[in-house]
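*Asks:* Supplied in structure tokens, the structure appears directly below.
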Amino acid sequence: MSGQSEHNTKTLKLIVWRQAGPDKPGRFETYTAKNITDHHSFLEMLDVVNEELIKDGKEPIVFDHDCREGICGVCSQVINGLAHGGQERTTVCQLHMRLFKDGDTIYIEPWRARAFPIIKDLMVNRGALDKIIQAGGYTSAHTGGCPDANSIPIPRPEAEYAMDAAECIGCGACVAGCPNGAAMLFTGAKVSQLAALPQGQVEAAERVVAMLQAAQDCGFGNCTNHYECQAACPKGINVKFIARLNREYFKAQF
Ligand code: SF4
Ligand code: FES
């Protein structure tokens, strides 16, 4: 067994963005990742590299992670120029090293966007997305106790549409992939999810205006239909939710 995994190990050259703090200069540094198997996830590969750095008395590479199951949205890294590594519908934590060949060179960078300042190395502050949610990504109606499941009938297509929008995990890859650093796919998903449901109707107009204003205040850019957001999204959020966002904003003017 051990012979088999030894046989399958690979060595990779990593070119990693290192930055000591928000106002410090950043630079690429080169590392060697040894004894990496097909079964390691990308984050486990970085764990292996960090173990070696710690053993050598060097600073480990700082990166964000939490669930490692593709559901929390924090593992934000640009790998070989693509947010989350470019594999369709895959977060960095779910990207596996079987995709890379022995001897490959891999470039690893943080999300690059004006609204996401770098905290350290690969870790960025994505709090601007929270500010958009705080501006209106909720319903404030007092609904009392937990209602019965089917007390508000919702047609299946609307329920499915809302669930598709609700798949957004708030990772920010859409922002990192966008040449304008726009948060339109994220905001569109959050607005559409609520706009599709009866509970979201009451505050629909105030919500869309407030969330778009918050996005602008946070320094996100505007959508110019590049579709890079959809390509970068690990959850397959569709640009149709940006169209819905625009329609909701238009309706809110009357
Ligand atoms: S729309 Fe997709 S890429 Fe953007 S924050 Fe949501 S899950 Fe991440
Ligand atoms: S660590 Fe939670 S989605 Fe990757």
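In the structure tokens, each chain is lettered A, B, ... as it comes, each chain's residues begin at 1, and ligands are numbered from 1 in order of appearance.
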For the interface of region 118-143 of chain A with region 94-113 of chain A (cut-off 9 Å, counting only C-alpha atoms), please tabulate each contacting residue of region 118-143 of chain A alongside its nearest pair of atoms and their separation in Å to one decimal, rows sorted by chain and increasing number, as JSON lines.

*Replies:*
{"residue": "A:Ile118", "atom": "CA", "partner": "A:Pro110", "partner_atom": "CA", "distance": 7.5}
{"residue": "A:Asp121", "atom": "CA", "partner": "A:Pro110", "partner_atom": "CA", "distance": 7.1}
{"residue": "A:Leu122", "atom": "CA", "partner": "A:Pro110", "partner_atom": "CA", "distance": 4.3}
{"residue": "A:Met123", "atom": "CA", "partner": "A:Pro110", "partner_atom": "CA", "distance": 6.4}
{"residue": "A:Val124", "atom": "CA", "partner": "A:Pro110", "partner_atom": "CA", "distance": 6.8}

*Asks:* Per residue of chain A within 8 Å of ligand 2, record the nearest atom pair and its distance in Å to one decimal, counting only C-alpha atoms and all ligand atoms, with rows in chain order and ascending residue number, as a tab-separated table.

*Replies:*
residue	atom	partner	partner_atom_place_in_ligand_line	distance
A:Asp64	CA	ligand 2	1 (S)	7.3
A:His65	CA	ligand 2	1 (S)	4.1
A:Asp66	CA	ligand 2	1 (S)	4.3
A:Cys67	CA	ligand 2	2 (Fe)	3.9
A:Arg68	CA	ligand 2	1 (S)	3.7
A:Glu69	CA	ligand 2	2 (Fe)	5.5
A:Gly70	CA	ligand 2	3 (S)	3.4
A:Ile71	CA	ligand 2	3 (S)	4.4
A:Cys72	CA	ligand 2	2 (Fe)	3.8
A:Gly73	CA	ligand 2	3 (S)	3.9
A:Val74	CA	ligand 2	2 (Fe)	5.3
A:Cys75	CA	ligand 2	4 (Fe)	4.3
A:Ser76	CA	ligand 2	4 (Fe)	7.6
A:Thr91	CA	ligand 2	4 (Fe)	5.5
A:Val92	CA	ligand 2	4 (Fe)	5.7
A:Cys93	CA	ligand 2	4 (Fe)	4.3
A:Gln94	CA	ligand 2	4 (Fe)	6.8
A:Ile169	CA	ligand 2	3 (S)	7.8
A:Cys171	CA	ligand 2	3 (S)	7.6

*Asks:* Out of region 39-113 of chain A, which residues get strand (DSSP E) from DSSP, as a list of chain:residue names?

*Replies:*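 Across region 39-113 of chain A, those assigned strand (DSSP E) are A:Val78, A:Ile79, A:Leu82, A:Ala83, A:Thr105, A:Ile106, A:Tyr107, A:Ile108, A:Glu109.
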
*Asks:* How would you write, as number ranges by chain, the set of residues no farther than 9 Å from ligand 1 when counting only C-alpha atoms and all ligand atoms?

*Replies:* A: 73, 83, 129, 165-177, 183-190, 229-239

*Asks:* Kindly save the residues from that selection, with C-alpha atoms included, as a tab-separated table (two decimals), in the first residue's frame.

*Replies:*
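Listing of part08.tsv after writing:
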chain	number	residue	atom	x	y	z
A	73	GLY	CA	-17.02	29.95	0.34
A	83	ALA	CA	-10.43	31.88	-9.55
A	129	LEU	CA	-19.90	41.29	0.54
A	165	ALA	CA	-30.10	31.71	-6.61
A	166	ALA	CA	-29.65	30.61	-2.99
A	167	GLU	CA	-26.77	28.32	-4.05
A	168	CYS	CA	-24.44	31.35	-3.93
A	169	ILE	CA	-21.94	30.76	-1.11
A	170	GLY	CA	-20.56	34.31	-1.09
A	171	CYS	CA	-17.05	33.30	-2.09
A	172	GLY	CA	-16.30	36.40	-4.21
A	173	ALA	CA	-14.85	34.48	-7.18
A	174	CYS	CA	-17.26	36.38	-9.43
A	175	VAL	CA	-15.65	39.64	-8.27
A	176	ALA	CA	-12.12	38.28	-8.69
A	177	GLY	CA	-12.92	36.98	-12.18
A	183	ALA	CA	-20.20	42.14	-7.49
A	184	MET	CA	-23.23	41.95	-9.78
A	185	LEU	CA	-23.52	38.14	-9.87
A	186	PHE	CA	-23.38	37.93	-6.06
A	187	THR	CA	-25.85	40.83	-5.61
A	188	GLY	CA	-28.06	39.51	-8.40
A	189	ALA	CA	-28.26	36.08	-6.77
A	190	LYS	CA	-29.14	37.54	-3.36
A	229	CYS	CA	-18.35	35.91	-13.22
A	230	GLN	CA	-20.46	32.99	-14.41
A	231	ALA	CA	-17.36	31.16	-15.65
A	232	ALA	CA	-15.59	31.65	-12.29
A	233	CYS	CA	-18.55	30.75	-10.06
A	234	PRO	CA	-18.06	27.40	-8.28
A	235	LYS	CA	-21.83	27.06	-7.81
A	236	GLY	CA	-22.93	27.65	-11.38
A	237	ILE	CA	-24.82	30.86	-10.62
A	238	ASN	CA	-26.21	32.07	-13.94
A	239	VAL	CA	-25.98	35.63	-15.31

*Asks:* Would you please give, as an NGL selection string, all residues of region 6-251 of chain A that DSSP assigns to helix (DSSP H, G or I) based on the backbone?

*Replies:* :A and (6-8 or 42-55 or 84-86 or 92-94 or 97-99 or 127-134 or 156-166 or 173-177 or 184-195 or 198-200 or 204-217 or 228-232 or 240-251)

*Asks:* Leaving out Ala210 (chain A) and any residue of its chain fewer than 4 positions from it, which residues lie within 9 Å of it when counting only C-alpha atoms, given as a compact mmCIF listing (two decimals) with N, CA and C atoms, in the first residue's frame?

*Replies:*
# COMPACT_ATOMS: atom_id res chain seq x y z
N ILE A 132 -23.01 44.42 1.62
CA ILE A 132 -24.13 44.37 0.65
C ILE A 132 -25.31 43.63 1.27
N ALA A 135 -27.13 45.66 3.85
CA ALA A 135 -27.92 46.76 3.30
C ALA A 135 -29.33 46.31 2.91
N GLY A 136 -29.59 45.00 2.78
CA GLY A 136 -30.95 44.62 2.36
C GLY A 136 -31.16 43.15 2.06
N ALA A 205 -38.34 46.84 -3.47
CA ALA A 205 -37.80 48.08 -4.07
C ALA A 205 -36.68 48.66 -3.23
N GLU A 206 -36.91 48.78 -1.91
CA GLU A 206 -35.87 49.34 -1.02
C GLU A 206 -34.62 48.46 -1.04
N ALA A 214 -24.86 49.98 -1.69
CA ALA A 214 -23.79 49.45 -0.83
C ALA A 214 -22.64 48.91 -1.68
N ALA A 215 -22.98 48.24 -2.78
CA ALA A 215 -21.93 47.70 -3.67
C ALA A 215 -21.07 48.83 -4.23

*Asks:* Looking at only C-alpha atoms, which of A:Phe42, A:Asn180, A:Ala115, A:Asp47 is the one that sits closest to Thr90 (chain A)?

*Replies:*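 Nearest candidate to Thr90 (chain A) out of A:Phe42, A:Asn180, A:Ala115, A:Asp47: A:Phe42.
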
*Asks:* When you draw a straight line from CA of Gln193 (chain A) to CA of Pro155 (chain A), how long is it in Å?

*Replies:*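 Computed distance, CA of Gln193 (chain A) to CA of Pro155 (chain A), equals 14.2 Å.
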
*Asks:* Just how far from CA of His39 (chain A) is CA of Ile15 (chain A), in Å to one decimal?

*Replies:*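 Calculated distance between CA of Ile15 (chain A) and CA of His39 (chain A) is 21.4 Å.
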
*Asks:* Could you tell me how far CA of Val48 (chain A) lies from CA of Leu12 (chain A), in Å and to one decimal?

*Replies:*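 These two atoms are separated by 11.8 Å.
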
*Asks:* From the options A:Lys58, A:Gln199, A:Pro117, A:Arg247, which residue's atoms come nearest to Pro153 (chain A), counting only C-alpha atoms?

*Replies:*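 Among the listed residues, A:Gln199 lies closest to Pro153 (chain A).
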